[in-house]
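Trainee: Let me give you the structure first, and then I'll get to my questions.
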Amino acid sequence: MSLSRLFDNAAARFADRIALDDGQRQLSYRALAGRTNRFGQALLGLGLAPQRDHLVSLQNNASTLVEFEIASARFGFARSMLNARAPAEDHAYCTQLVDAAVFVFQEKFAEQVELLRAQLPTVRHWICIGRAPGWALSYEDLLARAQDRAPAAHPLPTDVHSIYFTSGTTGRSKGVVLTQRNWTQVVTNFMIDALPRIARDDVALLCAPISHATGGLVYPHLARGARLRILDHFDPVEVARLLLDGGVTSSFMAPTMIQLLLQGDLGLAAEKLRLKGLVYGGASFPVDRLEDALAALGPVLVQGYGQWEAPILFTTLQPEEHLAGLAGDGRILHSAGRAVSFAQVGIMDDDGRLLAPGETGEIVTAGEHVMREYHRNPEATAEIRHGQWQRTGDVGEMDEQGFVYITDRKKDMIITGGNNVYPRQVEEVLYRHEGVLEACVVGLQSELWGETIHAVVVPRPGFELDAASILGWAHERLPTDRRPRSVDVLEALPKNHYGKILRREIRDEARARHPAQRAD
């Protein structure tokens, strides 16, 4: 099975149903198939070859971004989506990494792209969605001149579907090579374990970047004849309106997005919603805020845990497990759930030995969701492979029931006075403070202790925080070896374009503000 066959089957079954709605126009399944046929044929007409020539796209969420994905998958072109919120130097680096031959972009990015052209000699064709500058081809003109003809053959399961880019929180992004088989497994995992009740009358709201995990909603919903409602960016007021009045049944959001939805008086209440499944992930969700979300939205939350190297989720915490956590076993709410149906998950020590329940080690996973390789980086690929298992870089444990508890990123561990402390162990306590919106914990250098624990917090609107009060509050609730010795209160935490907190940058800035403590 391939993504091409999946879409072709859906287009035949649901031809006259609405597939895409971006607020400006609606496309039926038949029209979507026709436009992707034309785009694919236009690429072939330019002399481009599937699996040889790589495509990149720079777009905000839009129906044309979904067209780009489907056309690439159907005609067998490997593609990459650049995150529109990333800086221009990241766009240049990622495009260079894959030796892109085609660069598709929206008109709003034309000036930025023009400045990049000299850095991207492999790009042979620039294609603009909207009014095209003289050096670019018009997307709509290409489609108008091309034939509405399906690809002659379906891609092979082993063909490269896409190259994604790691978030780069610890250095330069790496290219993650995913095959058609990998992505077919992603779709299967969503349809069986994350959103098993998708029906043809459903509406999926795509309000986080399609270039990231939200893209996982596309094929599962198209396979069922459902509608994709696309927002070009996340706006809490507009999202709330669509949840209340737009018939939305499913979505993917980061925990921060859900919290922003609940902060305003937007009238959200479970009994007013059609929502059947809201997948969240990408960051930790403080348990008390999670309880607020369940109260407001109902038993519809599904946590997904994964990474681009093993996309998009290989564990899930199901709605009924959220309820069980509220009703009694609250520890479950601190977990990332259990392995999805077609994935293996384990805990491994540094020597490659799988550990027993309750033992702490590195989370590993195996299955057809696991990436093929890091692009042109065999050394990095070898570092995270151990036989069939792939290392995640996350430290955690698994209980007797198979629930996975993520302690933290392995490389972020703080060693203070000979004790190993993971930032998340401290951050989860800080998030219980009613005035803390965000928290990040890092290690500061100390001649006496090796490292000391330092916290950086952002106050919630309407609250004033100071270092002394946070230190006192934390000391009452944390064991001695986990207590912060210093605190900074900031207006905001630095984040990358995916919204992930840049812990390394916070650590560097904190160490500059607080020089190493001398032993004397």
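As shown in the structure tokens, the chain order sets the letters A, B, ...; within each chain, residues go from 1, and ligands are also counted from 1 in the order they appear.
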Once you count only C-alpha atoms, what closest atom pair and distance in Å to one decimal does each residue of range 220-306 of chain A within 12 Å of range 415-426 of chain A have, with rows by chain and rising residue number, as JSON lines?

Mentor:
```
{"residue": "A:Ala283", "atom": "CA", "partner": "A:Arg424", "partner_atom": "CA", "distance": 10.8}
{"residue": "A:Ser284", "atom": "CA", "partner": "A:Arg424", "partner_atom": "CA", "distance": 8.5}
{"residue": "A:Phe285", "atom": "CA", "partner": "A:Arg424", "partner_atom": "CA", "distance": 11.0}
{"residue": "A:Pro286", "atom": "CA", "partner": "A:Arg424", "partner_atom": "CA", "distance": 10.4}
```

Trainee: Store the residues picked out above, limited to N, CA and C atoms, as a compact mmCIF listing (two decimals), in the first residue's frame.

Mentor:
```
# COMPACT_ATOMS: atom_id res chain seq x y z
N ALA A 283 5.51 18.69 23.69
CA ALA A 283 6.03 19.29 24.91
C ALA A 283 5.26 18.69 26.07
N SER A 284 5.80 18.86 27.28
CA SER A 284 5.10 18.34 28.45
C SER A 284 3.87 19.18 28.74
N PHE A 285 2.86 18.55 29.33
CA PHE A 285 1.61 19.22 29.66
C PHE A 285 1.45 19.14 31.17
N PRO A 286 1.64 20.26 31.90
CA PRO A 286 1.49 20.23 33.35
C PRO A 286 0.15 19.60 33.74
```

Trainee: Run DSSP on the backbone and give me the residues of range 20-50 of chain A it puts in strand (DSSP E or B), as a list in words.

Mentor: Leu20, Asp21, Gln26, Leu27 and Ser28 of chain A

Trainee: Go ahead and compute the interatomic distance for CA of Leu58 in chain A and CA of Gly134 in chain A, in Å to one decimal.

Mentor: 18.3 Å

Trainee: I'd like the neighbourhood of range 177-194 of chain A as a PDB file with N, CA and C atoms, in the first residue's frame, where a residue qualifies if any of its atoms comes within 8 Å (using only C-alpha atoms), though same-chain residues fewer than 6 positions away should be ignored.

Mentor:
```pdb
ATOM      1  N   MET A   1       0.850  -1.190   0.000  1.00  0.00           N
ATOM      2  CA  MET A   1       0.000   0.000   0.000  1.00  0.00           C
ATOM      3  C   MET A   1       0.886   1.241   0.000  1.00  0.00           C
ATOM      4  N   SER A   2       0.466   2.270  -0.718  1.00  0.00           N
ATOM      5  CA  SER A   2       1.203   3.529  -0.761  1.00  0.00           C
ATOM      6  C   SER A   2       0.236   4.670  -0.507  1.00  0.00           C
ATOM      7  N   LEU A   3       0.782   5.843  -0.199  1.00  0.00           N
ATOM      8  CA  LEU A   3      -0.053   7.025  -0.023  1.00  0.00           C
ATOM      9  C   LEU A   3      -0.786   7.359  -1.314  1.00  0.00           C
ATOM     10  N   ALA A  73       3.655  12.933  -3.254  1.00  0.00           N
ATOM     11  CA  ALA A  73       3.510  11.528  -2.869  1.00  0.00           C
ATOM     12  C   ALA A  73       2.972  10.677  -4.009  1.00  0.00           C
ATOM     13  N   PRO A 155       4.278   4.945  -6.594  1.00  0.00           N
ATOM     14  CA  PRO A 155       5.616   4.808  -6.009  1.00  0.00           C
ATOM     15  C   PRO A 155       5.764   3.477  -5.271  1.00  0.00           C
ATOM     16  N   LEU A 156       6.998   3.049  -5.098  1.00  0.00           N
ATOM     17  CA  LEU A 156       7.287   1.836  -4.342  1.00  0.00           C
ATOM     18  C   LEU A 156       7.305   2.147  -2.846  1.00  0.00           C
ATOM     19  N   PRO A 157       6.999   1.163  -1.996  1.00  0.00           N
ATOM     20  CA  PRO A 157       7.054   1.403  -0.547  1.00  0.00           C
ATOM     21  C   PRO A 157       8.419   1.872  -0.066  1.00  0.00           C
ATOM     22  N   THR A 158       9.474   1.468  -0.769  1.00  0.00           N
ATOM     23  CA  THR A 158      10.832   1.849  -0.361  1.00  0.00           C
ATOM     24  C   THR A 158      11.269   3.203  -0.900  1.00  0.00           C
ATOM     25  N   ASP A 159      10.469   3.815  -1.769  1.00  0.00           N
ATOM     26  CA  ASP A 159      10.816   5.132  -2.304  1.00  0.00           C
ATOM     27  C   ASP A 159      10.809   6.178  -1.190  1.00  0.00           C
ATOM     28  N   VAL A 160      11.692   7.162  -1.319  1.00  0.00           N
ATOM     29  CA  VAL A 160      11.717   8.254  -0.341  1.00  0.00           C
ATOM     30  C   VAL A 160      10.475   9.115  -0.526  1.00  0.00           C
ATOM     31  N   HIS A 161       9.741   9.293   0.547  1.00  0.00           N
ATOM     32  CA  HIS A 161       8.572  10.169   0.539  1.00  0.00           C
ATOM     33  C   HIS A 161       8.965  11.597   0.887  1.00  0.00           C
ATOM     34  N   SER A 162       9.831  11.747   1.891  1.00  0.00           N
ATOM     35  CA  SER A 162      10.130  13.088   2.390  1.00  0.00           C
ATOM     36  C   SER A 162      11.418  13.084   3.189  1.00  0.00           C
ATOM     37  N   ILE A 163      11.977  14.258   3.322  1.00  0.00           N
ATOM     38  CA  ILE A 163      13.065  14.492   4.265  1.00  0.00           C
ATOM     39  C   ILE A 163      12.621  15.615   5.191  1.00  0.00           C
ATOM     40  N   TYR A 164      12.500  15.279   6.468  1.00  0.00           N
ATOM     41  CA  TYR A 164      12.155  16.266   7.487  1.00  0.00           C
ATOM     42  C   TYR A 164      13.435  16.713   8.186  1.00  0.00           C
ATOM     43  N   GLY A 216       0.214  14.970  10.044  1.00  0.00           N
ATOM     44  CA  GLY A 216      -0.237  13.600  10.258  1.00  0.00           C
ATOM     45  C   GLY A 216      -1.737  13.421  10.191  1.00  0.00           C
ATOM     46  N   LEU A 217      -2.496  14.525  10.239  1.00  0.00           N
ATOM     47  CA  LEU A 217      -3.957  14.435  10.159  1.00  0.00           C
ATOM     48  C   LEU A 217      -4.461  14.322   8.725  1.00  0.00           C
ATOM     49  N   TYR A 219      -3.819  12.510   5.684  1.00  0.00           N
ATOM     50  CA  TYR A 219      -4.239  11.279   5.014  1.00  0.00           C
ATOM     51  C   TYR A 219      -5.289  10.477   5.784  1.00  0.00           C
ATOM     52  N   PRO A 220      -5.215  10.369   7.113  1.00  0.00           N
ATOM     53  CA  PRO A 220      -6.268   9.628   7.809  1.00  0.00           C
ATOM     54  C   PRO A 220      -7.663  10.183   7.546  1.00  0.00           C
ATOM     55  N   GLY A 277     -11.724  13.931  19.041  1.00  0.00           N
ATOM     56  CA  GLY A 277     -10.340  13.617  19.353  1.00  0.00           C
ATOM     57  C   GLY A 277      -9.441  14.820  19.174  1.00  0.00           C
ATOM     58  N   VAL A 279      -5.542  15.525  19.571  1.00  0.00           N
ATOM     59  CA  VAL A 279      -4.213  14.966  19.809  1.00  0.00           C
ATOM     60  C   VAL A 279      -3.283  16.092  20.242  1.00  0.00           C
ATOM     61  N   VAL A 302      -5.948  13.014  23.459  1.00  0.00           N
ATOM     62  CA  VAL A 302      -5.070  11.890  23.141  1.00  0.00           C
ATOM     63  C   VAL A 302      -3.645  12.428  23.102  1.00  0.00           C
ATOM     64  N   GLY A 304       0.177  12.065  22.148  1.00  0.00           N
ATOM     65  CA  GLY A 304       1.034  11.301  21.259  1.00  0.00           C
ATOM     66  C   GLY A 304       2.487  11.629  21.523  1.00  0.00           C
ATOM     67  N   PRO A 311       8.313   8.862  13.465  1.00  0.00           N
ATOM     68  CA  PRO A 311       7.130   9.736  13.447  1.00  0.00           C
ATOM     69  C   PRO A 311       5.836   8.948  13.547  1.00  0.00           C
ATOM     70  N   ILE A 312       4.744   9.718  13.741  1.00  0.00           N
ATOM     71  CA  ILE A 312       4.688  10.986  14.455  1.00  0.00           C
ATOM     72  C   ILE A 312       4.393  10.674  15.911  1.00  0.00           C
ATOM     73  N   LEU A 313       3.829   9.482  16.095  1.00  0.00           N
ATOM     74  CA  LEU A 313       3.582   9.007  17.450  1.00  0.00           C
ATOM     75  C   LEU A 313       3.761   7.492  17.492  1.00  0.00           C
ATOM     76  N   PHE A 314       4.479   7.031  18.493  1.00  0.00           N
ATOM     77  CA  PHE A 314       4.592   5.586  18.691  1.00  0.00           C
ATOM     78  C   PHE A 314       4.119   5.158  20.075  1.00  0.00           C
ATOM     79  N   THR A 316       0.641   6.340  22.711  1.00  0.00           N
ATOM     80  CA  THR A 316      -0.509   7.225  22.924  1.00  0.00           C
ATOM     81  C   THR A 316      -1.066   7.006  24.321  1.00  0.00           C
ATOM     82  N   GLN A 318      -4.617   7.283  25.866  1.00  0.00           N
ATOM     83  CA  GLN A 318      -5.964   7.323  25.328  1.00  0.00           C
ATOM     84  C   GLN A 318      -6.917   8.150  26.200  1.00  0.00           C
ATOM     85  N   VAL A 340       1.770   2.125  20.473  1.00  0.00           N
ATOM     86  CA  VAL A 340       0.678   1.945  19.524  1.00  0.00           C
ATOM     87  C   VAL A 340       0.726   0.521  18.987  1.00  0.00           C
ATOM     88  N   SER A 341      -0.311   0.139  18.265  1.00  0.00           N
ATOM     89  CA  SER A 341      -0.498  -1.263  17.884  1.00  0.00           C
ATOM     90  C   SER A 341       0.645  -1.830  17.060  1.00  0.00           C
ATOM     91  N   PHE A 342       1.249  -1.022  16.192  1.00  0.00           N
ATOM     92  CA  PHE A 342       2.271  -1.529  15.285  1.00  0.00           C
ATOM     93  C   PHE A 342       3.665  -1.003  15.609  1.00  0.00           C
ATOM     94  N   GLU A 368       7.913  -0.249  11.580  1.00  0.00           N
ATOM     95  CA  GLU A 368       8.000   0.335  10.240  1.00  0.00           C
ATOM     96  C   GLU A 368       7.822   1.843  10.233  1.00  0.00           C
ATOM     97  N   HIS A 369       7.594   2.425  11.404  1.00  0.00           N
ATOM     98  CA  HIS A 369       7.550   3.883  11.498  1.00  0.00           C
ATOM     99  C   HIS A 369       8.951   4.477  11.610  1.00  0.00           C
ATOM    100  N   VAL A 370       9.953   3.680  11.916  1.00  0.00           N
ATOM    101  CA  VAL A 370      11.304   4.184  12.161  1.00  0.00           C
ATOM    102  C   VAL A 370      11.948   4.627  10.854  1.00  0.00           C
ATOM    103  N   MET A 371      12.586   5.779  10.879  1.00  0.00           N
ATOM    104  CA  MET A 371      13.183   6.380   9.682  1.00  0.00           C
ATOM    105  C   MET A 371      14.153   5.430   8.987  1.00  0.00           C
ATOM    106  N   ARG A 372      14.416   5.708   7.714  1.00  0.00           N
ATOM    107  CA  ARG A 372      15.422   4.935   6.992  1.00  0.00           C
ATOM    108  C   ARG A 372      16.827   5.304   7.457  1.00  0.00           C
ATOM    109  N   GLU A 373      17.077   6.621   7.579  1.00  0.00           N
ATOM    110  CA  GLU A 373      18.427   7.078   7.928  1.00  0.00           C
ATOM    111  C   GLU A 373      18.404   8.589   8.093  1.00  0.00           C
ATOM    112  N   TYR A 374      19.501   9.107   8.645  1.00  0.00           N
ATOM    113  CA  TYR A 374      19.776  10.533   8.546  1.00  0.00           C
ATOM    114  C   TYR A 374      20.405  10.784   7.178  1.00  0.00           C
ATOM    115  N   HIS A 375      19.940  11.821   6.503  1.00  0.00           N
ATOM    116  CA  HIS A 375      20.396  12.111   5.148  1.00  0.00           C
ATOM    117  C   HIS A 375      21.897  12.401   5.121  1.00  0.00           C
TER     118      HIS A 375
END
```

Trainee: Please return, as a PyMOL selection string, all residues of range 195-317 of chain A that DSSP assigns to helix (DSSP H, G or I) on the basis of the backbone.

Mentor: chain A and resi 213-223+236-245+255-263+270-272+287-297

Trainee: Convert the current residue selection to file output with C-alpha atoms, as a CSV table (one decimal), in the first residue's frame.

Mentor:
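Dumped everything to again31.csv:
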```csv
chain,number,residue,atom,x,y,z
A,213,ALA,CA,3.1,17.0,13.3
A,214,THR,CA,-0.3,18.4,12.2
A,215,GLY,CA,0.5,17.0,8.8
A,216,GLY,CA,-0.2,13.6,10.3
A,217,LEU,CA,-4.0,14.4,10.2
A,218,VAL,CA,-4.1,14.8,6.4
A,219,TYR,CA,-4.2,11.3,5.0
A,220,PRO,CA,-6.3,9.6,7.8
A,221,HIS,CA,-9.1,12.1,7.2
A,222,LEU,CA,-8.9,12.0,3.4
A,223,ALA,CA,-9.0,8.2,3.6
A,236,PRO,CA,-7.2,31.2,19.8
A,237,VAL,CA,-10.4,33.2,19.0
A,238,GLU,CA,-10.8,31.8,15.5
A,239,VAL,CA,-10.0,28.3,16.7
A,240,ALA,CA,-12.6,28.6,19.4
A,241,ARG,CA,-15.1,29.8,16.8
A,242,LEU,CA,-14.5,26.8,14.6
A,243,LEU,CA,-14.7,24.4,17.5
A,244,LEU,CA,-18.1,25.9,18.5
A,245,ASP,CA,-19.6,26.6,15.1
A,255,PRO,CA,-0.1,21.9,25.0
A,256,THR,CA,0.7,25.7,24.9
A,257,MET,CA,-2.0,26.2,22.3
A,258,ILE,CA,-4.6,24.3,24.4
A,259,GLN,CA,-3.7,26.4,27.4
A,260,LEU,CA,-4.1,29.6,25.3
A,261,LEU,CA,-7.5,28.4,24.3
A,262,LEU,CA,-8.6,27.9,27.9
A,263,GLN,CA,-7.1,31.2,29.2
A,270,ALA,CA,-17.7,20.1,26.2
A,271,GLU,CA,-21.5,19.9,25.7
A,272,LYS,CA,-21.2,22.6,22.9
A,287,VAL,CA,-1.0,17.9,35.0
A,288,ASP,CA,-3.1,20.6,36.7
A,289,ARG,CA,-3.5,22.4,33.3
A,290,LEU,CA,-4.3,19.0,31.7
A,291,GLU,CA,-7.1,18.6,34.2
A,292,ASP,CA,-8.5,22.0,33.2
A,293,ALA,CA,-8.4,21.0,29.6
A,294,LEU,CA,-10.3,17.8,30.3
A,295,ALA,CA,-12.9,19.7,32.2
A,296,ALA,CA,-13.4,22.2,29.4
A,297,LEU,CA,-13.2,20.0,26.3
```

Trainee: Quote the spacing between CA of Leu333 in chain A and CA of Glu362 in chain A in Å to one decimal place.

Mentor: 20.2 Å

Trainee: Can you pull out every residue within 12 Å of range 228-231 of chain A, counting only C-alpha atoms, but drop anything in the same chain fewer than 6 positions away, and send it as a PyMOL selection string?

Mentor: chain A and resi 17-29+32+60-66+200-210+214-222+237-239+242-243+246-252

Trainee: So that I have them on file, write out the residues from the current selection with N, CA and C atoms, as a compact mmCIF listing (two decimals), in the first residue's frame.

Mentor:
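For reference, selection24.txt as written:
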```
# COMPACT_ATOMS: atom_id res chain seq x y z
N ARG A 17 -17.47 15.10 -2.55
CA ARG A 17 -17.42 15.64 -1.20
C ARG A 17 -16.32 16.70 -1.11
N ILE A 18 -16.45 17.60 -0.14
CA ILE A 18 -15.43 18.64 0.06
C ILE A 18 -14.24 18.02 0.79
N ALA A 19 -13.07 18.18 0.20
CA ALA A 19 -11.85 17.67 0.81
C ALA A 19 -11.11 18.75 1.59
N LEU A 20 -10.99 19.95 1.01
CA LEU A 20 -10.22 21.03 1.61
C LEU A 20 -11.05 22.30 1.70
N ASP A 21 -10.86 23.01 2.81
CA ASP A 21 -11.49 24.32 3.00
C ASP A 21 -10.50 25.17 3.78
N ASP A 22 -9.97 26.21 3.12
CA ASP A 22 -9.01 27.07 3.83
C ASP A 22 -9.59 28.45 4.13
N GLY A 23 -10.91 28.56 4.08
CA GLY A 23 -11.56 29.83 4.37
C GLY A 23 -11.68 30.73 3.17
N GLN A 24 -10.87 30.49 2.14
CA GLN A 24 -10.93 31.27 0.90
C GLN A 24 -11.60 30.48 -0.22
N ARG A 25 -11.39 29.20 -0.23
CA ARG A 25 -11.99 28.36 -1.25
C ARG A 25 -12.14 26.95 -0.71
N GLN A 26 -13.02 26.21 -1.36
CA GLN A 26 -13.22 24.80 -1.05
C GLN A 26 -12.89 23.97 -2.29
N LEU A 27 -12.31 22.80 -2.06
CA LEU A 27 -12.00 21.88 -3.15
C LEU A 27 -12.63 20.53 -2.87
N SER A 28 -13.30 19.98 -3.87
CA SER A 28 -13.82 18.62 -3.75
C SER A 28 -12.67 17.63 -3.91
N TYR A 29 -12.96 16.37 -3.60
CA TYR A 29 -11.94 15.34 -3.81
C TYR A 29 -11.59 15.24 -5.29
N LEU A 32 -9.36 18.21 -6.12
CA LEU A 32 -8.04 18.04 -5.52
C LEU A 32 -7.21 17.03 -6.31
N ASN A 60 2.91 29.02 4.44
CA ASN A 60 2.07 28.88 5.61
C ASN A 60 1.01 27.84 5.30
N ASN A 61 0.27 27.44 6.33
CA ASN A 61 -0.83 26.50 6.09
C ASN A 61 -1.74 27.03 4.99
N ALA A 62 -2.03 26.20 4.00
CA ALA A 62 -2.90 26.58 2.89
C ALA A 62 -3.29 25.32 2.14
N SER A 63 -4.35 25.42 1.34
CA SER A 63 -4.76 24.28 0.53
C SER A 63 -3.66 23.89 -0.45
N THR A 64 -2.89 24.88 -0.92
CA THR A 64 -1.81 24.57 -1.86
C THR A 64 -0.69 23.76 -1.21
N LEU A 65 -0.54 23.87 0.10
CA LEU A 65 0.47 23.06 0.78
C LEU A 65 0.04 21.60 0.81
N VAL A 66 -1.25 21.36 1.00
CA VAL A 66 -1.76 19.98 0.94
C VAL A 66 -1.64 19.45 -0.48
N ARG A 200 -16.91 10.10 7.60
CA ARG A 200 -16.92 10.97 6.43
C ARG A 200 -17.52 12.34 6.70
N ASP A 201 -18.31 12.48 7.75
CA ASP A 201 -18.87 13.80 8.07
C ASP A 201 -17.98 14.59 9.03
N ASP A 202 -16.81 14.09 9.31
CA ASP A 202 -15.92 14.76 10.25
C ASP A 202 -15.18 15.93 9.60
N VAL A 203 -14.70 16.82 10.47
CA VAL A 203 -13.91 17.98 10.05
C VAL A 203 -12.66 18.03 10.92
N ALA A 204 -11.50 17.96 10.27
CA ALA A 204 -10.23 18.08 10.99
C ALA A 204 -9.73 19.52 10.87
N LEU A 205 -9.41 20.12 12.00
CA LEU A 205 -8.90 21.48 12.02
C LEU A 205 -7.38 21.45 12.03
N LEU A 206 -6.77 22.00 10.99
CA LEU A 206 -5.32 22.08 10.88
C LEU A 206 -4.90 23.50 11.21
N CYS A 207 -4.56 23.73 12.49
CA CYS A 207 -4.26 25.09 12.95
C CYS A 207 -2.82 25.25 13.42
N ALA A 208 -2.10 24.15 13.57
CA ALA A 208 -0.66 24.18 13.80
C ALA A 208 0.02 23.88 12.47
N PRO A 209 1.32 24.13 12.33
CA PRO A 209 1.95 23.96 11.02
C PRO A 209 1.79 22.56 10.43
N ILE A 210 1.28 22.51 9.20
CA ILE A 210 1.17 21.25 8.48
C ILE A 210 2.56 20.68 8.22
N THR A 214 1.09 18.26 12.67
CA THR A 214 -0.29 18.41 12.19
C THR A 214 -0.48 17.75 10.83
N GLY A 215 0.59 17.67 10.04
CA GLY A 215 0.51 16.99 8.75
C GLY A 215 0.06 15.55 8.86
N GLY A 216 0.21 14.97 10.04
CA GLY A 216 -0.24 13.60 10.26
C GLY A 216 -1.74 13.42 10.19
N LEU A 217 -2.50 14.52 10.24
CA LEU A 217 -3.96 14.44 10.16
C LEU A 217 -4.46 14.32 8.72
N VAL A 218 -3.64 14.67 7.75
CA VAL A 218 -4.12 14.82 6.38
C VAL A 218 -4.66 13.52 5.81
N TYR A 219 -3.82 12.51 5.68
CA TYR A 219 -4.24 11.28 5.01
C TYR A 219 -5.29 10.48 5.78
N PRO A 220 -5.22 10.37 7.11
CA PRO A 220 -6.27 9.63 7.81
C PRO A 220 -7.66 10.18 7.55
N HIS A 221 -7.78 11.51 7.47
CA HIS A 221 -9.10 12.10 7.24
C HIS A 221 -9.52 11.99 5.77
N LEU A 222 -8.58 12.18 4.86
CA LEU A 222 -8.93 12.00 3.45
C LEU A 222 -9.32 10.56 3.16
N VAL A 237 -8.98 32.80 19.20
CA VAL A 237 -10.38 33.22 19.01
C VAL A 237 -10.99 32.50 17.81
N GLU A 238 -10.25 32.44 16.70
CA GLU A 238 -10.76 31.77 15.50
C GLU A 238 -10.86 30.26 15.71
N VAL A 239 -9.91 29.69 16.40
CA VAL A 239 -9.98 28.25 16.69
C VAL A 239 -11.20 27.95 17.55
N LEU A 242 -14.34 28.02 15.42
CA LEU A 242 -14.49 26.84 14.58
C LEU A 242 -14.84 25.61 15.40
N LEU A 243 -14.32 25.53 16.61
CA LEU A 243 -14.70 24.42 17.49
C LEU A 243 -16.17 24.49 17.85
N GLY A 246 -17.96 25.45 13.68
CA GLY A 246 -17.46 24.91 12.41
C GLY A 246 -17.54 23.41 12.29
N GLY A 247 -18.14 22.76 13.27
CA GLY A 247 -18.29 21.31 13.18
C GLY A 247 -17.01 20.53 13.34
N VAL A 248 -15.99 21.13 13.94
CA VAL A 248 -14.69 20.46 14.06
C VAL A 248 -14.79 19.25 14.97
N THR A 249 -14.25 18.13 14.50
CA THR A 249 -14.28 16.89 15.27
C THR A 249 -12.90 16.45 15.74
N SER A 250 -11.83 16.96 15.12
CA SER A 250 -10.49 16.54 15.53
C SER A 250 -9.48 17.63 15.20
N SER A 251 -8.36 17.57 15.91
CA SER A 251 -7.28 18.53 15.65
C SER A 251 -6.02 18.02 16.33
N PHE A 252 -4.93 18.71 16.04
CA PHE A 252 -3.66 18.48 16.73
C PHE A 252 -3.18 19.83 17.25
```

Trainee: So what do you get for CA of Lys411 in chain A versus CA of Val458 in chain A, distance-wise?

Mentor: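 Between CA of Lys411 in chain A and CA of Val458 in chain A the gap is 23.6 Å.
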
Trainee: Residues near Gly472 in chain A, anyone? I mean within 10 Å using only C-alpha atoms, not counting same-chain ones fewer than 4 positions away, as a PDB file with C-alpha atoms, in the first residue's frame.

Mentor:
```pdb
ATOM      1  CA  ALA A 467      13.217  34.852  42.619  1.00  0.00           C
ATOM      2  CA  ALA A 468      12.954  34.685  46.414  1.00  0.00           C
ATOM      3  CA  GLU A 476       8.895  23.441  50.423  1.00  0.00           C
ATOM      4  CA  ARG A 477       7.914  20.964  47.717  1.00  0.00           C
ATOM      5  CA  ARG A 483      15.902  22.272  44.822  1.00  0.00           C
ATOM      6  CA  PRO A 484      16.867  25.228  42.619  1.00  0.00           C
TER       7      PRO A 484
END
```

Trainee: Do you know which residues are at most 12 Å from Trp135 in chain A counting only C-alpha atoms, after dropping those on the same chain fewer than 4 positions away, and could you put them as a list in words?

Mentor: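 In the requested form, the answer reads Ala110, Glu111, Val113, Glu114, Arg117, Arg124, His125, Trp126, Ile127, Cys128 and Arg131 of chain A.
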
Trainee: Keeping only N, CA and C atoms, write the selected residues to a file as a PDB file, in the first residue's frame.

Mentor:
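Done, and the output landed in part33.pdb:
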```
ATOM      1  N   ALA A 110       8.252  36.071  -1.438  1.00  0.00           N
ATOM      2  CA  ALA A 110       9.051  36.289  -2.649  1.00  0.00           C
ATOM      3  C   ALA A 110      10.325  37.088  -2.374  1.00  0.00           C
ATOM      4  N   GLU A 111      10.229  38.160  -1.597  1.00  0.00           N
ATOM      5  CA  GLU A 111      11.423  38.973  -1.332  1.00  0.00           C
ATOM      6  C   GLU A 111      12.471  38.168  -0.572  1.00  0.00           C
ATOM      7  N   VAL A 113      12.819  34.888  -0.531  1.00  0.00           N
ATOM      8  CA  VAL A 113      13.352  33.834  -1.391  1.00  0.00           C
ATOM      9  C   VAL A 113      14.339  34.405  -2.399  1.00  0.00           C
ATOM     10  N   GLU A 114      14.051  35.596  -2.919  1.00  0.00           N
ATOM     11  CA  GLU A 114      14.961  36.194  -3.896  1.00  0.00           C
ATOM     12  C   GLU A 114      16.350  36.398  -3.296  1.00  0.00           C
ATOM     13  N   ARG A 117      18.388  33.089  -3.416  1.00  0.00           N
ATOM     14  CA  ARG A 117      18.633  32.403  -4.689  1.00  0.00           C
ATOM     15  C   ARG A 117      20.111  32.157  -4.966  1.00  0.00           C
ATOM     16  N   ARG A 124      16.647  24.567  -9.826  1.00  0.00           N
ATOM     17  CA  ARG A 124      16.509  24.876 -11.256  1.00  0.00           C
ATOM     18  C   ARG A 124      15.193  25.572 -11.569  1.00  0.00           C
ATOM     19  N   HIS A 125      14.192  25.361 -10.714  1.00  0.00           N
ATOM     20  CA  HIS A 125      12.872  25.932 -10.983  1.00  0.00           C
ATOM     21  C   HIS A 125      12.309  26.537  -9.700  1.00  0.00           C
ATOM     22  N   TRP A 126      11.955  27.817  -9.799  1.00  0.00           N
ATOM     23  CA  TRP A 126      11.305  28.541  -8.708  1.00  0.00           C
ATOM     24  C   TRP A 126       9.841  28.693  -9.089  1.00  0.00           C
ATOM     25  N   ILE A 127       8.937  28.251  -8.216  1.00  0.00           N
ATOM     26  CA  ILE A 127       7.508  28.251  -8.530  1.00  0.00           C
ATOM     27  C   ILE A 127       6.780  29.044  -7.458  1.00  0.00           C
ATOM     28  N   CYS A 128       6.087  30.096  -7.882  1.00  0.00           N
ATOM     29  CA  CYS A 128       5.429  31.004  -6.946  1.00  0.00           C
ATOM     30  C   CYS A 128       3.921  30.797  -6.955  1.00  0.00           C
ATOM     31  N   ARG A 131       1.093  35.965  -7.321  1.00  0.00           N
ATOM     32  CA  ARG A 131       1.713  36.767  -8.376  1.00  0.00           C
ATOM     33  C   ARG A 131       3.211  36.491  -8.403  1.00  0.00           C
TER      34      ARG A 131
END
```

Trainee: Quick one: everything within 10 Å of Ala516 in chain A, counting only C-alpha atoms, minus sequence neighbours fewer than 3 positions away in the same chain. Send it as a list in words.

Mentor: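 These residues fall inside the cut-off: Leu444, Gln445, Ser446, Glu447, Leu448, Gly450, Glu451, Thr452, Arg511, Ala512, Arg513 and Ala519 of chain A.
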